[in-house]
Amino acid sequence: MCKNLAMHRVVVLALDGVYPFELGIPARIFGTATDSGGAALYDVRTCSLDGAPVTTNADFTIAVGFDSSALEEADTVVIPPFSACDAPESEWMPADLARALARVRPETRIVSICTAAFVLAALGLLDDRPATTHWKQADRFRSLFPQVRMDADVLFVDEGRIITAAGSAAGIDACLHLLRRDHGSVVANRVARLCIVPPWRDGGQAQFIDRPIPEPTAATTAATRAWALNHLDRPLPLTELAAHARMSVRTFCRRFREETGLPPGQWLTQQRVDHARHLLEATDLPIDRVAADAGLGTATSLRQHLANTIGVSPTAYRQTFRNDPAVTPAAAAPARRDLVLRAL
């Protein structure tokens, strides 16, 4: 975690044909982040190669405030996708873009969103590294850059200095992940609430799950999922979940998988681990209490789940991601309510 990023500078590089939605993600996520006193944590700037307005892949042009010299002072550089990335034949590294990116300092963090991963690959930054891009462009990416370990089945890949995100919404996930890595879950969850998006989705989560849309008149499991998130500290047998949803067990399991892509038991375990991670970050609760409040039973069970999920112990996780040593066990109270955002 970066503990002293008083005004960490994020520079977003807008190239002609930029996708407006993805272009706005860094400012929306990082630009909204504040400390407990309301002070901004990031200085977000948008630049083009020459400081001139850039075209978009929509029917409007965007004016920016800076030219590529802004890249020299960046702590994080974000490259959103642009229309050339979708072209069957593209000049991935024109001279002006190469010159601009050469200004980025060696220690600067670089993030690609969606097909902007093609640019990082052309620079050689992804050689022998795992990376991701939009699943629809993954085969073309592999053919052009076989030296990159392309994984089209995840939302984002964090390789430390280099982060690649799969697509539009995954760009939000990656930025929230970095915010969480920099300042902890309390700050990241606050930004997620303001943006009305899920606070956290694991980068290893599948990009694309084919989920049928329920008929408008069909009952859903959403209310039961929200209810379950507020009762994670106790057993939640399948029969009780189905009864809460007023469905048979068979219908509930089928509808649940249609709506979440997971069986109820697997989804519930995932939520318990997520809640335990939040408690480890945001409270001083003993490990046994964290395990109990998350419904994982014992500290041994929690250790096993964390080892299987992220490969670290609860103590090591807390030491790595703890963002505020002044937080007390009382902070645990609102945490479970925040998790309701993940259920819907």
# chains A, B, ... in the order shown; residues from 1 in each chain; ligands from 1
>>> select_by_dssp(residues="stretch 74-281 of chain A", states="strand (DSSP E)", output="PyMOL selection string")
chain A and resi 76-79+109-113+130-131+149-150+156-158+162-165
>>> select_by_dssp(residues="stretch 78-276 of chain A", states="helix (DSSP H, G or I)", output="PyMOL selection string")
chain A and resi 83-86+95-101+114-122+135-144+168-183+185-195+222-229+238-244+249-260+264-276
>>> write_last_selection(atoms="C-alpha atoms", output="mmCIF file, in the first residue's frame")
data_model
loop_
_atom_site.group_PDB
_atom_site.id
_atom_site.type_symbol
_atom_site.label_atom_id
_atom_site.label_comp_id
_atom_site.auth_asym_id
_atom_site.auth_seq_id
_atom_site.Cartn_x
_atom_site.Cartn_y
_atom_site.Cartn_z
ATOM 1 C CA SER A 83 -10.444 3.279 -32.419
ATOM 2 C CA ALA A 84 -7.132 2.256 -34.029
ATOM 3 C CA CYS A 85 -6.938 -0.611 -31.540
ATOM 4 C CA ASP A 86 -9.944 -2.217 -33.215
ATOM 5 C CA ALA A 95 6.637 7.790 -33.920
ATOM 6 C CA ASP A 96 4.752 10.519 -32.059
ATOM 7 C CA LEU A 97 3.199 8.040 -29.623
ATOM 8 C CA ALA A 98 6.554 6.318 -29.068
ATOM 9 C CA ARG A 99 8.180 9.674 -28.298
ATOM 10 C CA ALA A 100 5.425 10.575 -25.870
ATOM 11 C CA LEU A 101 5.569 7.299 -23.957
ATOM 12 C CA CYS A 114 -9.448 -2.643 -22.822
ATOM 13 C CA THR A 115 -7.618 -2.797 -26.162
ATOM 14 C CA ALA A 116 -5.041 -0.202 -25.126
ATOM 15 C CA ALA A 117 -3.126 -3.310 -24.019
ATOM 16 C CA PHE A 118 -2.051 -3.513 -27.684
ATOM 17 C CA VAL A 119 0.009 -0.348 -27.118
ATOM 18 C CA LEU A 120 1.760 -1.754 -24.048
ATOM 19 C CA ALA A 121 2.487 -4.973 -25.928
ATOM 20 C CA ALA A 122 3.963 -3.036 -28.848
ATOM 21 C CA TRP A 135 -12.181 -11.068 -24.851
ATOM 22 C CA LYS A 136 -13.376 -10.245 -28.370
ATOM 23 C CA GLN A 137 -9.870 -9.076 -29.384
ATOM 24 C CA ALA A 138 -7.895 -11.719 -27.505
ATOM 25 C CA ASP A 139 -7.215 -14.039 -30.464
ATOM 26 C CA ARG A 140 -5.936 -11.156 -32.593
ATOM 27 C CA PHE A 141 -3.775 -10.024 -29.697
ATOM 28 C CA ARG A 142 -2.253 -13.497 -29.340
ATOM 29 C CA SER A 143 -1.427 -13.667 -33.028
ATOM 30 C CA LEU A 144 0.300 -10.266 -32.950
ATOM 31 C CA SER A 168 -15.202 -0.847 -19.972
ATOM 32 C CA ALA A 169 -16.512 -1.944 -16.568
ATOM 33 C CA ALA A 170 -13.272 -3.813 -15.868
ATOM 34 C CA GLY A 171 -11.495 -0.457 -16.146
ATOM 35 C CA ILE A 172 -13.554 0.686 -13.172
ATOM 36 C CA ASP A 173 -12.655 -2.506 -11.310
ATOM 37 C CA ALA A 174 -8.942 -2.031 -12.006
ATOM 38 C CA CYS A 175 -8.951 1.604 -10.867
ATOM 39 C CA LEU A 176 -10.833 0.701 -7.672
ATOM 40 C CA HIS A 177 -8.336 -2.114 -7.133
ATOM 41 C CA LEU A 178 -5.435 0.359 -7.395
ATOM 42 C CA LEU A 179 -7.208 2.803 -5.102
ATOM 43 C CA ARG A 180 -7.671 -0.023 -2.635
ATOM 44 C CA ARG A 181 -4.015 -1.025 -3.033
ATOM 45 C CA ASP A 182 -2.916 2.574 -2.415
ATOM 46 C CA HIS A 183 -5.240 3.585 0.424
ATOM 47 C CA SER A 185 -10.781 -0.617 1.385
ATOM 48 C CA VAL A 186 -12.349 2.210 3.410
ATOM 49 C CA VAL A 187 -11.358 4.817 0.819
ATOM 50 C CA ALA A 188 -12.119 2.533 -2.133
ATOM 51 C CA ASN A 189 -15.535 1.580 -0.770
ATOM 52 C CA ARG A 190 -16.390 5.238 -0.211
ATOM 53 C CA VAL A 191 -15.586 6.024 -3.855
ATOM 54 C CA ALA A 192 -17.542 2.977 -5.026
ATOM 55 C CA ARG A 193 -20.596 4.113 -3.083
ATOM 56 C CA LEU A 194 -20.390 7.583 -4.619
ATOM 57 C CA CYS A 195 -20.137 6.048 -8.100
ATOM 58 C CA ALA A 222 -31.674 -10.370 -5.381
ATOM 59 C CA ALA A 223 -33.522 -9.691 -2.129
ATOM 60 C CA THR A 224 -32.304 -12.956 -0.666
ATOM 61 C CA ARG A 225 -28.729 -12.208 -1.645
ATOM 62 C CA ALA A 226 -28.958 -8.814 0.051
ATOM 63 C CA TRP A 227 -30.459 -10.458 3.134
ATOM 64 C CA ALA A 228 -27.719 -13.101 3.202
ATOM 65 C CA LEU A 229 -25.014 -10.443 3.172
ATOM 66 C CA LEU A 238 -29.796 -23.729 1.196
ATOM 67 C CA THR A 239 -33.255 -24.564 2.499
ATOM 68 C CA GLU A 240 -33.368 -21.304 4.469
ATOM 69 C CA LEU A 241 -32.209 -19.247 1.496
ATOM 70 C CA ALA A 242 -34.815 -20.845 -0.754
ATOM 71 C CA ALA A 243 -37.529 -20.288 1.853
ATOM 72 C CA HIS A 244 -36.560 -16.615 2.141
ATOM 73 C CA VAL A 249 -34.707 -25.388 -3.526
ATOM 74 C CA ARG A 250 -34.480 -26.570 -7.125
ATOM 75 C CA THR A 251 -35.968 -23.362 -8.548
ATOM 76 C CA PHE A 252 -33.842 -21.208 -6.245
ATOM 77 C CA CYS A 253 -30.597 -22.915 -7.307
ATOM 78 C CA ARG A 254 -31.459 -22.602 -10.977
ATOM 79 C CA ARG A 255 -32.471 -18.923 -10.702
ATOM 80 C CA PHE A 256 -29.481 -18.104 -8.505
ATOM 81 C CA ARG A 257 -27.022 -19.501 -11.030
ATOM 82 C CA GLU A 258 -28.774 -17.676 -13.871
ATOM 83 C CA GLU A 259 -28.451 -14.367 -12.042
ATOM 84 C CA THR A 260 -24.958 -14.670 -10.554
ATOM 85 C CA PRO A 264 -25.375 -20.486 -3.990
ATOM 86 C CA GLY A 265 -22.725 -22.222 -1.862
ATOM 87 C CA GLN A 266 -19.808 -20.943 -3.931
ATOM 88 C CA TRP A 267 -21.229 -17.420 -4.039
ATOM 89 C CA LEU A 268 -21.780 -17.437 -0.278
ATOM 90 C CA THR A 269 -18.211 -18.560 0.431
ATOM 91 C CA GLN A 270 -16.929 -15.798 -1.842
ATOM 92 C CA GLN A 271 -18.937 -13.197 0.083
ATOM 93 C CA ARG A 272 -17.699 -14.540 3.422
ATOM 94 C CA VAL A 273 -14.070 -14.275 2.303
ATOM 95 C CA ASP A 274 -14.679 -10.774 0.931
ATOM 96 C CA HIS A 275 -16.203 -9.692 4.234
ATOM 97 C CA ALA A 276 -13.328 -11.209 6.196
#
>>> closest_residue(among="A:Ser69, A:Thr298, A:Thr133, A:Gln304", to="A:Val104", atoms="only C-alpha atoms")
A:Ser69
>>> atom_distance(atom1="atom CA of A:Tyr19", atom2="atom CA of A:Gly261")
28.5 Å
>>> atom_distance(atom1="atom CA of A:Ala316", atom2="atom CA of A:Phe30")
26.5 Å
>>> closest_residue(among="A:Phe156, A:Phe21, A:Phe60, A:Tyr42", to="A:Ala74", atoms="only C-alpha atoms")
A:Tyr42
>>> decode(residues="stretch 169-323 of chain A", atoms="C-alpha atoms", output="PDB file, in the first residue's frame")
ATOM      1  CA  ALA A 169     -16.512  -1.944 -16.568  1.00  0.00           C
ATOM      2  CA  ALA A 170     -13.272  -3.813 -15.868  1.00  0.00           C
ATOM      3  CA  GLY A 171     -11.495  -0.457 -16.146  1.00  0.00           C
ATOM      4  CA  ILE A 172     -13.554   0.686 -13.172  1.00  0.00           C
ATOM      5  CA  ASP A 173     -12.655  -2.506 -11.310  1.00  0.00           C
ATOM      6  CA  ALA A 174      -8.942  -2.031 -12.006  1.00  0.00           C
ATOM      7  CA  CYS A 175      -8.951   1.604 -10.867  1.00  0.00           C
ATOM      8  CA  LEU A 176     -10.833   0.701  -7.672  1.00  0.00           C
ATOM      9  CA  HIS A 177      -8.336  -2.114  -7.133  1.00  0.00           C
ATOM     10  CA  LEU A 178      -5.435   0.359  -7.395  1.00  0.00           C
ATOM     11  CA  LEU A 179      -7.208   2.803  -5.102  1.00  0.00           C
ATOM     12  CA  ARG A 180      -7.671  -0.023  -2.635  1.00  0.00           C
ATOM     13  CA  ARG A 181      -4.015  -1.025  -3.033  1.00  0.00           C
ATOM     14  CA  ASP A 182      -2.916   2.574  -2.415  1.00  0.00           C
ATOM     15  CA  HIS A 183      -5.240   3.585   0.424  1.00  0.00           C
ATOM     16  CA  GLY A 184      -7.203   0.558   1.633  1.00  0.00           C
ATOM     17  CA  SER A 185     -10.781  -0.617   1.385  1.00  0.00           C
ATOM     18  CA  VAL A 186     -12.349   2.210   3.410  1.00  0.00           C
ATOM     19  CA  VAL A 187     -11.358   4.817   0.819  1.00  0.00           C
ATOM     20  CA  ALA A 188     -12.119   2.533  -2.133  1.00  0.00           C
ATOM     21  CA  ASN A 189     -15.535   1.580  -0.770  1.00  0.00           C
ATOM     22  CA  ARG A 190     -16.390   5.238  -0.211  1.00  0.00           C
ATOM     23  CA  VAL A 191     -15.586   6.024  -3.855  1.00  0.00           C
ATOM     24  CA  ALA A 192     -17.542   2.977  -5.026  1.00  0.00           C
ATOM     25  CA  ARG A 193     -20.596   4.113  -3.083  1.00  0.00           C
ATOM     26  CA  LEU A 194     -20.390   7.583  -4.619  1.00  0.00           C
ATOM     27  CA  CYS A 195     -20.137   6.048  -8.100  1.00  0.00           C
ATOM     28  CA  ILE A 196     -22.826   3.439  -7.302  1.00  0.00           C
ATOM     29  CA  VAL A 197     -20.681   0.506  -8.414  1.00  0.00           C
ATOM     30  CA  PRO A 198     -19.610  -2.695  -6.617  1.00  0.00           C
ATOM     31  CA  PRO A 199     -16.751  -1.907  -4.205  1.00  0.00           C
ATOM     32  CA  TRP A 200     -14.646  -4.856  -5.268  1.00  0.00           C
ATOM     33  CA  ARG A 201     -14.551  -7.535  -7.946  1.00  0.00           C
ATOM     34  CA  ASP A 202     -11.602  -9.879  -7.964  1.00  0.00           C
ATOM     35  CA  GLY A 203      -9.386  -9.442 -11.014  1.00  0.00           C
ATOM     36  CA  GLY A 204      -9.550 -13.184 -11.566  1.00  0.00           C
ATOM     37  CA  GLN A 205     -13.318 -13.107 -11.987  1.00  0.00           C
ATOM     38  CA  ALA A 206     -14.504 -14.173 -15.421  1.00  0.00           C
ATOM     39  CA  GLN A 207     -14.898 -11.421 -18.026  1.00  0.00           C
ATOM     40  CA  PHE A 208     -17.915 -12.902 -19.720  1.00  0.00           C
ATOM     41  CA  ILE A 209     -20.584 -15.150 -18.298  1.00  0.00           C
ATOM     42  CA  ASP A 210     -23.545 -15.914 -20.500  1.00  0.00           C
ATOM     43  CA  ARG A 211     -26.453 -15.237 -18.153  1.00  0.00           C
ATOM     44  CA  PRO A 212     -30.015 -15.397 -19.432  1.00  0.00           C
ATOM     45  CA  ILE A 213     -32.121 -12.383 -18.526  1.00  0.00           C
ATOM     46  CA  PRO A 214     -35.082 -13.406 -16.345  1.00  0.00           C
ATOM     47  CA  GLU A 215     -38.537 -12.675 -17.612  1.00  0.00           C
ATOM     48  CA  PRO A 216     -39.864  -9.376 -16.184  1.00  0.00           C
ATOM     49  CA  THR A 217     -42.510 -11.242 -14.196  1.00  0.00           C
ATOM     50  CA  ALA A 218     -40.105 -13.861 -12.815  1.00  0.00           C
ATOM     51  CA  ALA A 219     -39.088 -13.817  -9.173  1.00  0.00           C
ATOM     52  CA  THR A 220     -35.414 -13.078  -8.549  1.00  0.00           C
ATOM     53  CA  THR A 221     -32.946 -13.941  -5.816  1.00  0.00           C
ATOM     54  CA  ALA A 222     -31.674 -10.370  -5.381  1.00  0.00           C
ATOM     55  CA  ALA A 223     -33.522  -9.691  -2.129  1.00  0.00           C
ATOM     56  CA  THR A 224     -32.304 -12.956  -0.666  1.00  0.00           C
ATOM     57  CA  ARG A 225     -28.729 -12.208  -1.645  1.00  0.00           C
ATOM     58  CA  ALA A 226     -28.958  -8.814   0.051  1.00  0.00           C
ATOM     59  CA  TRP A 227     -30.459 -10.458   3.134  1.00  0.00           C
ATOM     60  CA  ALA A 228     -27.719 -13.101   3.202  1.00  0.00           C
ATOM     61  CA  LEU A 229     -25.014 -10.443   3.172  1.00  0.00           C
ATOM     62  CA  ASN A 230     -26.432  -9.047   6.395  1.00  0.00           C
ATOM     63  CA  HIS A 231     -26.390 -12.487   8.049  1.00  0.00           C
ATOM     64  CA  LEU A 232     -22.973 -13.810   7.088  1.00  0.00           C
ATOM     65  CA  ASP A 233     -22.080 -14.440  10.733  1.00  0.00           C
ATOM     66  CA  ARG A 234     -24.356 -17.483  10.964  1.00  0.00           C
ATOM     67  CA  PRO A 235     -25.020 -20.649   8.950  1.00  0.00           C
ATOM     68  CA  LEU A 236     -27.183 -20.074   5.893  1.00  0.00           C
ATOM     69  CA  PRO A 237     -28.404 -23.466   4.685  1.00  0.00           C
ATOM     70  CA  LEU A 238     -29.796 -23.729   1.196  1.00  0.00           C
ATOM     71  CA  THR A 239     -33.255 -24.564   2.499  1.00  0.00           C
ATOM     72  CA  GLU A 240     -33.368 -21.304   4.469  1.00  0.00           C
ATOM     73  CA  LEU A 241     -32.209 -19.247   1.496  1.00  0.00           C
ATOM     74  CA  ALA A 242     -34.815 -20.845  -0.754  1.00  0.00           C
ATOM     75  CA  ALA A 243     -37.529 -20.288   1.853  1.00  0.00           C
ATOM     76  CA  HIS A 244     -36.560 -16.615   2.141  1.00  0.00           C
ATOM     77  CA  ALA A 245     -36.908 -16.290  -1.651  1.00  0.00           C
ATOM     78  CA  ARG A 246     -40.239 -18.163  -1.515  1.00  0.00           C
ATOM     79  CA  MET A 247     -38.989 -20.738  -3.998  1.00  0.00           C
ATOM     80  CA  SER A 248     -38.345 -24.441  -4.008  1.00  0.00           C
ATOM     81  CA  VAL A 249     -34.707 -25.388  -3.526  1.00  0.00           C
ATOM     82  CA  ARG A 250     -34.480 -26.570  -7.125  1.00  0.00           C
ATOM     83  CA  THR A 251     -35.968 -23.362  -8.548  1.00  0.00           C
ATOM     84  CA  PHE A 252     -33.842 -21.208  -6.245  1.00  0.00           C
ATOM     85  CA  CYS A 253     -30.597 -22.915  -7.307  1.00  0.00           C
ATOM     86  CA  ARG A 254     -31.459 -22.602 -10.977  1.00  0.00           C
ATOM     87  CA  ARG A 255     -32.471 -18.923 -10.702  1.00  0.00           C
ATOM     88  CA  PHE A 256     -29.481 -18.104  -8.505  1.00  0.00           C
ATOM     89  CA  ARG A 257     -27.022 -19.501 -11.030  1.00  0.00           C
ATOM     90  CA  GLU A 258     -28.774 -17.676 -13.871  1.00  0.00           C
ATOM     91  CA  GLU A 259     -28.451 -14.367 -12.042  1.00  0.00           C
ATOM     92  CA  THR A 260     -24.958 -14.670 -10.554  1.00  0.00           C
ATOM     93  CA  GLY A 261     -23.157 -17.273 -12.650  1.00  0.00           C
ATOM     94  CA  LEU A 262     -22.387 -19.248  -9.467  1.00  0.00           C
ATOM     95  CA  PRO A 263     -24.129 -21.873  -7.326  1.00  0.00           C
ATOM     96  CA  PRO A 264     -25.375 -20.486  -3.990  1.00  0.00           C
ATOM     97  CA  GLY A 265     -22.725 -22.222  -1.862  1.00  0.00           C
ATOM     98  CA  GLN A 266     -19.808 -20.943  -3.931  1.00  0.00           C
ATOM     99  CA  TRP A 267     -21.229 -17.420  -4.039  1.00  0.00           C
ATOM    100  CA  LEU A 268     -21.780 -17.437  -0.278  1.00  0.00           C
ATOM    101  CA  THR A 269     -18.211 -18.560   0.431  1.00  0.00           C
ATOM    102  CA  GLN A 270     -16.929 -15.798  -1.842  1.00  0.00           C
ATOM    103  CA  GLN A 271     -18.937 -13.197   0.083  1.00  0.00           C
ATOM    104  CA  ARG A 272     -17.699 -14.540   3.422  1.00  0.00           C
ATOM    105  CA  VAL A 273     -14.070 -14.275   2.303  1.00  0.00           C
ATOM    106  CA  ASP A 274     -14.679 -10.774   0.931  1.00  0.00           C
ATOM    107  CA  HIS A 275     -16.203  -9.692   4.234  1.00  0.00           C
ATOM    108  CA  ALA A 276     -13.328 -11.209   6.196  1.00  0.00           C
ATOM    109  CA  ARG A 277     -10.867  -9.275   4.038  1.00  0.00           C
ATOM    110  CA  HIS A 278     -12.738  -6.045   4.745  1.00  0.00           C
ATOM    111  CA  LEU A 279     -12.672  -6.717   8.493  1.00  0.00           C
ATOM    112  CA  LEU A 280      -8.954  -7.462   8.388  1.00  0.00           C
ATOM    113  CA  GLU A 281      -8.329  -4.162   6.623  1.00  0.00           C
ATOM    114  CA  ALA A 282     -10.724  -1.891   8.461  1.00  0.00           C
ATOM    115  CA  THR A 283     -10.853  -3.187  12.074  1.00  0.00           C
ATOM    116  CA  ASP A 284      -8.700  -4.373  14.960  1.00  0.00           C
ATOM    117  CA  LEU A 285     -10.830  -7.454  15.553  1.00  0.00           C
ATOM    118  CA  PRO A 286      -8.877 -10.589  16.523  1.00  0.00           C
ATOM    119  CA  ILE A 287      -8.511 -13.188  13.773  1.00  0.00           C
ATOM    120  CA  ASP A 288     -10.905 -15.593  15.554  1.00  0.00           C
ATOM    121  CA  ARG A 289     -13.551 -12.869  15.708  1.00  0.00           C
ATOM    122  CA  VAL A 290     -13.058 -11.970  12.033  1.00  0.00           C
ATOM    123  CA  ALA A 291     -13.564 -15.617  11.094  1.00  0.00           C
ATOM    124  CA  ALA A 292     -16.701 -15.858  13.233  1.00  0.00           C
ATOM    125  CA  ASP A 293     -18.240 -12.598  11.984  1.00  0.00           C
ATOM    126  CA  ALA A 294     -17.643 -13.644   8.382  1.00  0.00           C
ATOM    127  CA  GLY A 295     -19.271 -17.022   8.988  1.00  0.00           C
ATOM    128  CA  LEU A 296     -16.066 -18.951   8.315  1.00  0.00           C
ATOM    129  CA  GLY A 297     -16.029 -20.588  11.741  1.00  0.00           C
ATOM    130  CA  THR A 298     -12.469 -20.663  13.017  1.00  0.00           C
ATOM    131  CA  ALA A 299      -9.192 -18.874  12.416  1.00  0.00           C
ATOM    132  CA  THR A 300      -7.911 -22.099  10.844  1.00  0.00           C
ATOM    133  CA  SER A 301     -10.762 -22.069   8.335  1.00  0.00           C
ATOM    134  CA  LEU A 302     -10.119 -18.403   7.548  1.00  0.00           C
ATOM    135  CA  ARG A 303      -6.429 -19.112   7.003  1.00  0.00           C
ATOM    136  CA  GLN A 304      -7.272 -21.927   4.598  1.00  0.00           C
ATOM    137  CA  HIS A 305      -9.707 -19.794   2.615  1.00  0.00           C
ATOM    138  CA  LEU A 306      -7.292 -16.872   2.327  1.00  0.00           C
ATOM    139  CA  ALA A 307      -4.451 -19.177   1.357  1.00  0.00           C
ATOM    140  CA  ASN A 308      -6.620 -20.695  -1.389  1.00  0.00           C
ATOM    141  CA  THR A 309      -7.851 -17.302  -2.586  1.00  0.00           C
ATOM    142  CA  ILE A 310      -4.823 -15.007  -2.427  1.00  0.00           C
ATOM    143  CA  GLY A 311      -2.018 -17.134  -1.000  1.00  0.00           C
ATOM    144  CA  VAL A 312      -1.402 -15.256   2.270  1.00  0.00           C
ATOM    145  CA  SER A 313      -2.288 -15.627   5.948  1.00  0.00           C
ATOM    146  CA  PRO A 314      -4.800 -13.325   7.697  1.00  0.00           C
ATOM    147  CA  THR A 315      -1.980 -11.652   9.645  1.00  0.00           C
ATOM    148  CA  ALA A 316       0.106 -11.036   6.527  1.00  0.00           C
ATOM    149  CA  TYR A 317      -2.951  -9.726   4.706  1.00  0.00           C
ATOM    150  CA  ARG A 318      -3.757  -7.292   7.508  1.00  0.00           C
ATOM    151  CA  GLN A 319      -0.163  -6.030   7.646  1.00  0.00           C
ATOM    152  CA  THR A 320      -0.105  -5.477   3.884  1.00  0.00           C
ATOM    153  CA  PHE A 321      -3.472  -3.820   3.378  1.00  0.00           C
ATOM    154  CA  ARG A 322      -4.187  -2.138   6.686  1.00  0.00           C
ATOM    155  CA  ASN A 323      -4.699   1.530   5.917  1.00  0.00           C
TER     156      ASN A 323
END
